[in-house]
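**Student:** A single structure is presented below for examination.
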Amino acid sequence: MSWRPVAAVLLLALARSLPAADIEVLALFGERAMLRVDGVKHLLRVGESTPEGIRLLATDTAGALLRIDGREQRVPLGARARAVGGAGAAAAGGAEVVVWRDTHGMFRTVGSINGMPVDLLVDTGATFVTLSAVQARRLGIDFRVEGERGRVMTASRPELAYRVRLDRVRLGGIELRNVSAVVLDGPNPPLTLLGMSFLRRLQMENDGERLVLRRRY
């Protein structure tokens with residue numbers, strides 16, 4: 001028997017045996033970040049890795065860019081991520097995303113809209129994916145020209161809004177196309193709300209501390 005099939009079987013077995021790691025960004029200090037991995041704190045400089053193989057790629061004032069399971073993932077300050085371990089698990093997990101509750105009790109994560117990175121707040125109370133005018137402009141969405149003008153009721157009052165269609169919304173390995181969204185004509189919301197126009201097309205499982213999203217087949 002060739003060594004290649006044997007090596008592949010051994011690597012697959014190793015990937016399945018690796019435990020999941022709970023990762024949290026606790027603090028940011030210039031080009032350093034304090035991570036907590038399964039309860040153990042690690043102070044890393046850019047380019048350094050934890051014993052579990054989680055590498056710090058970059059930092060900014062809002063979060064850290066990490067390489068987890070061989071993939072780049074931006075984790076906001078105070079938010080959590082999950083490493084499932086091994087290349088086999090990463091390949092198998094493309095249709096499932098886990099979002100962990102942060103220290104403020106919110107399900108915050110990072111995804112992309114039309115190929116550009118966006119900080120997201122999962123909000124099952126929002127009917128649509130909801131962006132501020134500032135965020136829409138950053139993403140190149142000409143909502144005043146392309147959008148349908150109207151008004152929506154926010155938590156505090158009615159707001160002028162424009163209904164638009166997003167070509168692509170991606171969260172981890174899940175990408176949906178032609179997603180309905182609204183752009184509020186102002187600086188709010190500070191984070192883009194991942195509302196039900198995206199979420200209702202997925203299966204959701206909430207156990208209190210984590211939200212599991214799966215693509216519907």
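In the structure tokens, the first chain shown is A, the next is B, and so on; residue numbers restart at 1 for each chain, and ligands run from 1 in the order shown.
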If you run DSSP on the backbone, which residues of chain A are helix (DSSP H, G or I), as JSON, numbers by chain?
**Tutor:** {"A": [3, 4, 5, 6, 7, 8, 9, 10, 11, 12, 13, 14, 15, 16, 17, 86, 87, 88, 89, 90, 91, 92, 133, 134, 135, 136, 137, 138, 143, 144, 145, 146, 196, 197, 198, 199]}
**Student:** Export N, CA, C and O atoms of the chosen residues as a compact mmCIF listing (two decimals), in the first residue's frame?
**Tutor:**
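Result file out.txt:
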# COMPACT_ATOMS: atom_id res chain seq x y z
N TRP A 3 2.23 4.97 0.79
CA TRP A 3 2.22 5.74 2.03
C TRP A 3 1.22 6.88 2.00
O TRP A 3 0.75 7.33 3.05
N ARG A 4 0.84 7.33 0.81
CA ARG A 4 -0.06 8.48 0.73
C ARG A 4 -1.45 8.19 1.31
O ARG A 4 -1.97 8.97 2.10
N PRO A 5 -2.12 7.06 0.91
CA PRO A 5 -3.41 6.78 1.53
C PRO A 5 -3.30 6.60 3.04
O PRO A 5 -4.19 7.01 3.79
N VAL A 6 -2.21 5.95 3.50
CA VAL A 6 -2.03 5.74 4.93
C VAL A 6 -1.90 7.08 5.64
O VAL A 6 -2.51 7.32 6.69
N ALA A 7 -1.10 7.99 5.07
CA ALA A 7 -0.92 9.30 5.69
C ALA A 7 -2.24 10.06 5.73
O ALA A 7 -2.55 10.75 6.71
N ALA A 8 -3.02 9.96 4.66
CA ALA A 8 -4.30 10.66 4.63
C ALA A 8 -5.23 10.16 5.72
O ALA A 8 -5.92 10.94 6.38
N VAL A 9 -5.26 8.82 5.92
CA VAL A 9 -6.11 8.25 6.96
C VAL A 9 -5.65 8.71 8.34
O VAL A 9 -6.46 9.07 9.21
N LEU A 10 -4.32 8.76 8.56
CA LEU A 10 -3.80 9.18 9.85
C LEU A 10 -4.12 10.65 10.11
O LEU A 10 -4.49 11.02 11.23
N LEU A 11 -3.99 11.51 9.09
CA LEU A 11 -4.29 12.92 9.26
C LEU A 11 -5.77 13.13 9.55
O LEU A 11 -6.13 13.96 10.39
N LEU A 12 -6.65 12.38 8.86
CA LEU A 12 -8.08 12.50 9.11
C LEU A 12 -8.42 12.07 10.52
O LEU A 12 -9.20 12.71 11.22
N ALA A 13 -7.81 10.98 10.98
CA ALA A 13 -8.06 10.51 12.34
C ALA A 13 -7.59 11.53 13.36
O ALA A 13 -8.25 11.78 14.38
N LEU A 14 -6.41 12.15 13.10
CA LEU A 14 -5.90 13.15 14.02
C LEU A 14 -6.82 14.36 14.08
O LEU A 14 -7.12 14.88 15.15
N ALA A 15 -7.31 14.81 12.92
CA ALA A 15 -8.20 15.97 12.89
C ALA A 15 -9.45 15.71 13.69
O ALA A 15 -9.94 16.58 14.41
N ARG A 16 -10.01 14.49 13.57
CA ARG A 16 -11.25 14.17 14.29
C ARG A 16 -11.01 14.06 15.79
O ARG A 16 -11.93 14.25 16.58
N SER A 17 -9.78 13.75 16.18
CA SER A 17 -9.50 13.56 17.60
C SER A 17 -9.16 14.86 18.31
O SER A 17 -9.17 14.93 19.52
N GLY A 86 -8.19 20.90 13.13
CA GLY A 86 -7.82 20.06 12.00
C GLY A 86 -8.40 20.49 10.68
O GLY A 86 -9.45 21.09 10.59
N ALA A 87 -7.66 20.13 9.60
CA ALA A 87 -8.09 20.51 8.27
C ALA A 87 -9.36 19.78 7.86
O ALA A 87 -10.20 20.31 7.15
N GLY A 88 -9.53 18.54 8.30
CA GLY A 88 -10.72 17.79 7.95
C GLY A 88 -11.97 18.44 8.50
O GLY A 88 -12.98 18.55 7.83
N ALA A 89 -11.87 18.93 9.76
CA ALA A 89 -13.03 19.58 10.36
C ALA A 89 -13.34 20.87 9.66
O ALA A 89 -14.49 21.24 9.47
N ALA A 90 -12.31 21.62 9.26
CA ALA A 90 -12.55 22.88 8.56
C ALA A 90 -13.24 22.64 7.24
O ALA A 90 -14.13 23.37 6.84
N ALA A 91 -12.83 21.59 6.53
CA ALA A 91 -13.44 21.31 5.24
C ALA A 91 -14.88 20.86 5.39
O ALA A 91 -15.73 21.16 4.57
N ALA A 92 -15.17 20.14 6.49
CA ALA A 92 -16.52 19.61 6.67
C ALA A 92 -17.48 20.64 7.23
O ALA A 92 -18.67 20.45 7.21
N ALA A 133 -26.08 54.40 6.84
CA ALA A 133 -25.68 55.04 5.59
C ALA A 133 -24.16 55.07 5.46
O ALA A 133 -23.62 54.90 4.37
N VAL A 134 -23.46 55.24 6.60
CA VAL A 134 -21.99 55.26 6.58
C VAL A 134 -21.45 53.92 6.10
O VAL A 134 -20.54 53.86 5.25
N GLN A 135 -22.00 52.84 6.64
CA GLN A 135 -21.53 51.51 6.25
C GLN A 135 -21.88 51.22 4.79
O GLN A 135 -21.07 50.65 4.05
N ALA A 136 -23.06 51.60 4.36
CA ALA A 136 -23.46 51.35 2.98
C ALA A 136 -22.52 52.06 2.00
O ALA A 136 -22.14 51.49 0.98
N ARG A 137 -22.16 53.29 2.32
CA ARG A 137 -21.23 54.01 1.44
C ARG A 137 -19.88 53.33 1.40
O ARG A 137 -19.24 53.25 0.34
N ARG A 138 -19.42 52.83 2.54
CA ARG A 138 -18.13 52.13 2.57
C ARG A 138 -18.15 50.90 1.68
O ARG A 138 -17.15 50.53 1.06
N PHE A 143 -27.44 53.58 -2.24
CA PHE A 143 -28.80 53.31 -1.81
C PHE A 143 -29.77 54.41 -2.22
O PHE A 143 -30.96 54.15 -2.44
N ARG A 144 -29.32 55.65 -2.34
CA ARG A 144 -30.22 56.73 -2.72
C ARG A 144 -30.69 56.60 -4.17
O ARG A 144 -31.80 57.02 -4.52
N VAL A 145 -29.84 56.01 -5.00
CA VAL A 145 -30.19 55.83 -6.42
C VAL A 145 -30.89 54.49 -6.63
O VAL A 145 -31.92 54.40 -7.31
N GLU A 146 -30.33 53.44 -6.05
CA GLU A 146 -30.81 52.08 -6.32
C GLU A 146 -31.90 51.63 -5.35
O GLU A 146 -32.64 50.68 -5.64
N MET A 196 -33.45 38.95 9.90
CA MET A 196 -34.14 37.73 9.49
C MET A 196 -34.17 37.53 7.98
O MET A 196 -34.41 36.41 7.52
N SER A 197 -33.94 38.57 7.17
CA SER A 197 -33.88 38.35 5.73
C SER A 197 -32.72 37.42 5.36
O SER A 197 -32.75 36.77 4.32
N PHE A 198 -31.71 37.35 6.22
CA PHE A 198 -30.62 36.37 6.08
C PHE A 198 -30.89 35.13 6.94
O PHE A 198 -30.80 34.00 6.47
N LEU A 199 -31.25 35.33 8.20
CA LEU A 199 -31.33 34.23 9.16
C LEU A 199 -32.45 33.25 8.86
O LEU A 199 -32.31 32.05 9.12
**Student:** Between CA of Asp167 (chain A) and CA of Phe107 (chain A), what distance in Å does the model show, to one decimal?
**Tutor:**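 Computed distance, CA of Asp167 (chain A) to CA of Phe107 (chain A), equals 23.6 Å.
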**Student:** So which residues of region 22-139 of chain A fall under strand (DSSP E) by DSSP, listed as a VMD selection string?
**Tutor:** chain A and resid 22 to 29 32 to 37 40 to 45 55 to 59 63 to 68 71 to 76 80 to 83 96 to 100 108 to 113 116 to 122 129 to 132
**Student:** Which is closest to Val118 (chain A) among A:Val152, A:Ala83, A:Val182, A:Leu193, if we use only C-alpha atoms?
**Tutor:**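 Residue with the minimum atom-to-atom distance to Val118 (chain A): A:Leu193.
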**Student:** Tell me which of A:Leu166, A:Ala81, A:Leu191, A:Ala161 sits closest to Ala62 (chain A), counting only C-alpha atoms.
**Tutor:**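 Distance minimum relative to Ala62 (chain A) lands on A:Leu191.
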**Student:** Residues near region 48-53 of chain A, anyone? I mean within 12 Å using only C-alpha atoms, not counting same-chain ones fewer than 2 positions away, as a PDB file with C-alpha atoms, in the first residue's frame.
**Tutor:**
ATOM      1  CA  LEU A  18      -8.471  17.199  18.185  1.00  0.00           C
ATOM      2  CA  PRO A  19     -10.649  18.927  20.790  1.00  0.00           C
ATOM      3  CA  ALA A  20     -12.488  22.122  20.008  1.00  0.00           C
ATOM      4  CA  ALA A  21     -10.932  25.301  21.386  1.00  0.00           C
ATOM      5  CA  ASP A  22     -12.894  28.241  22.795  1.00  0.00           C
ATOM      6  CA  ILE A  23     -11.085  31.486  21.833  1.00  0.00           C
ATOM      7  CA  GLU A  31       0.677  44.896  17.894  1.00  0.00           C
ATOM      8  CA  ARG A  32      -0.091  42.538  20.775  1.00  0.00           C
ATOM      9  CA  ALA A  33      -3.307  40.830  21.818  1.00  0.00           C
ATOM     10  CA  MET A  34      -4.361  38.963  24.934  1.00  0.00           C
ATOM     11  CA  LEU A  35      -6.264  35.804  24.004  1.00  0.00           C
ATOM     12  CA  ARG A  36      -7.977  33.303  26.259  1.00  0.00           C
ATOM     13  CA  VAL A  37      -8.002  29.804  24.801  1.00  0.00           C
ATOM     14  CA  ASP A  38      -9.991  27.239  26.782  1.00  0.00           C
ATOM     15  CA  VAL A  40      -5.771  29.883  29.518  1.00  0.00           C
ATOM     16  CA  LYS A  41      -4.500  33.401  28.735  1.00  0.00           C
ATOM     17  CA  HIS A  42      -1.851  34.036  26.062  1.00  0.00           C
ATOM     18  CA  LEU A  43      -0.227  37.393  25.278  1.00  0.00           C
ATOM     19  CA  LEU A  44       0.867  37.256  21.631  1.00  0.00           C
ATOM     20  CA  ARG A  45       2.732  39.580  19.331  1.00  0.00           C
ATOM     21  CA  VAL A  46       1.773  39.695  15.660  1.00  0.00           C
ATOM     22  CA  ARG A  55      -1.735  32.603  15.149  1.00  0.00           C
ATOM     23  CA  LEU A  56      -2.113  36.351  15.610  1.00  0.00           C
ATOM     24  CA  LEU A  57      -1.902  37.958  12.155  1.00  0.00           C
ATOM     25  CA  ALA A  58      -2.819  41.575  12.863  1.00  0.00           C
ATOM     26  CA  LEU A  66      -6.360  35.331  13.714  1.00  0.00           C
ATOM     27  CA  ARG A  67      -5.540  32.226  11.732  1.00  0.00           C
ATOM     28  CA  ILE A  68      -7.791  29.489  13.127  1.00  0.00           C
ATOM     29  CA  ASP A  69      -7.993  26.004  11.611  1.00  0.00           C
ATOM     30  CA  GLY A  70      -5.941  27.258   8.672  1.00  0.00           C
ATOM     31  CA  ARG A  71      -8.380  30.089   7.877  1.00  0.00           C
ATOM     32  CA  ALA A  83     -11.587  26.301  16.620  1.00  0.00           C
ATOM     33  CA  VAL A  84     -12.937  22.876  15.737  1.00  0.00           C
ATOM     34  CA  GLY A  85      -9.498  21.408  15.092  1.00  0.00           C
ATOM     35  CA  GLY A  86      -7.823  20.058  12.000  1.00  0.00           C
TER      36      GLY A  86
END
**Student:** Any idea what's packed within 10 Å of Asn206 (chain A), counting only C-alpha atoms, ignoring anything in its chain fewer than 4 positions away? Could you give it as a list in words?
**Tutor:**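 Those residues are Val98, Val99, Trp100, Arg210, Leu211, Val212 and Leu213 of chain A.
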**Student:** Have a look at CA of Arg165 (chain A) and CA of Arg74 (chain A) and let me know their distance in Å, one decimal.
**Tutor:**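 Going from CA of Arg165 (chain A) over to CA of Arg74 (chain A), I get 25.1 Å.
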**Student:** Please report the interatomic distance between CA of Arg177 (chain A) and CA of Gly115 (chain A) in Å with one decimal.
**Tutor:**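 Between these atoms lies a distance of 11.5 Å.
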**Student:** Identify which of the residues A:Ile174, A:Val169, A:Leu184, A:Leu26 lies closest to Glu148 (chain A), counting only C-alpha atoms when measuring atom-to-atom distances.
**Tutor:**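 So, comparing all the options, the nearest one is A:Leu184.
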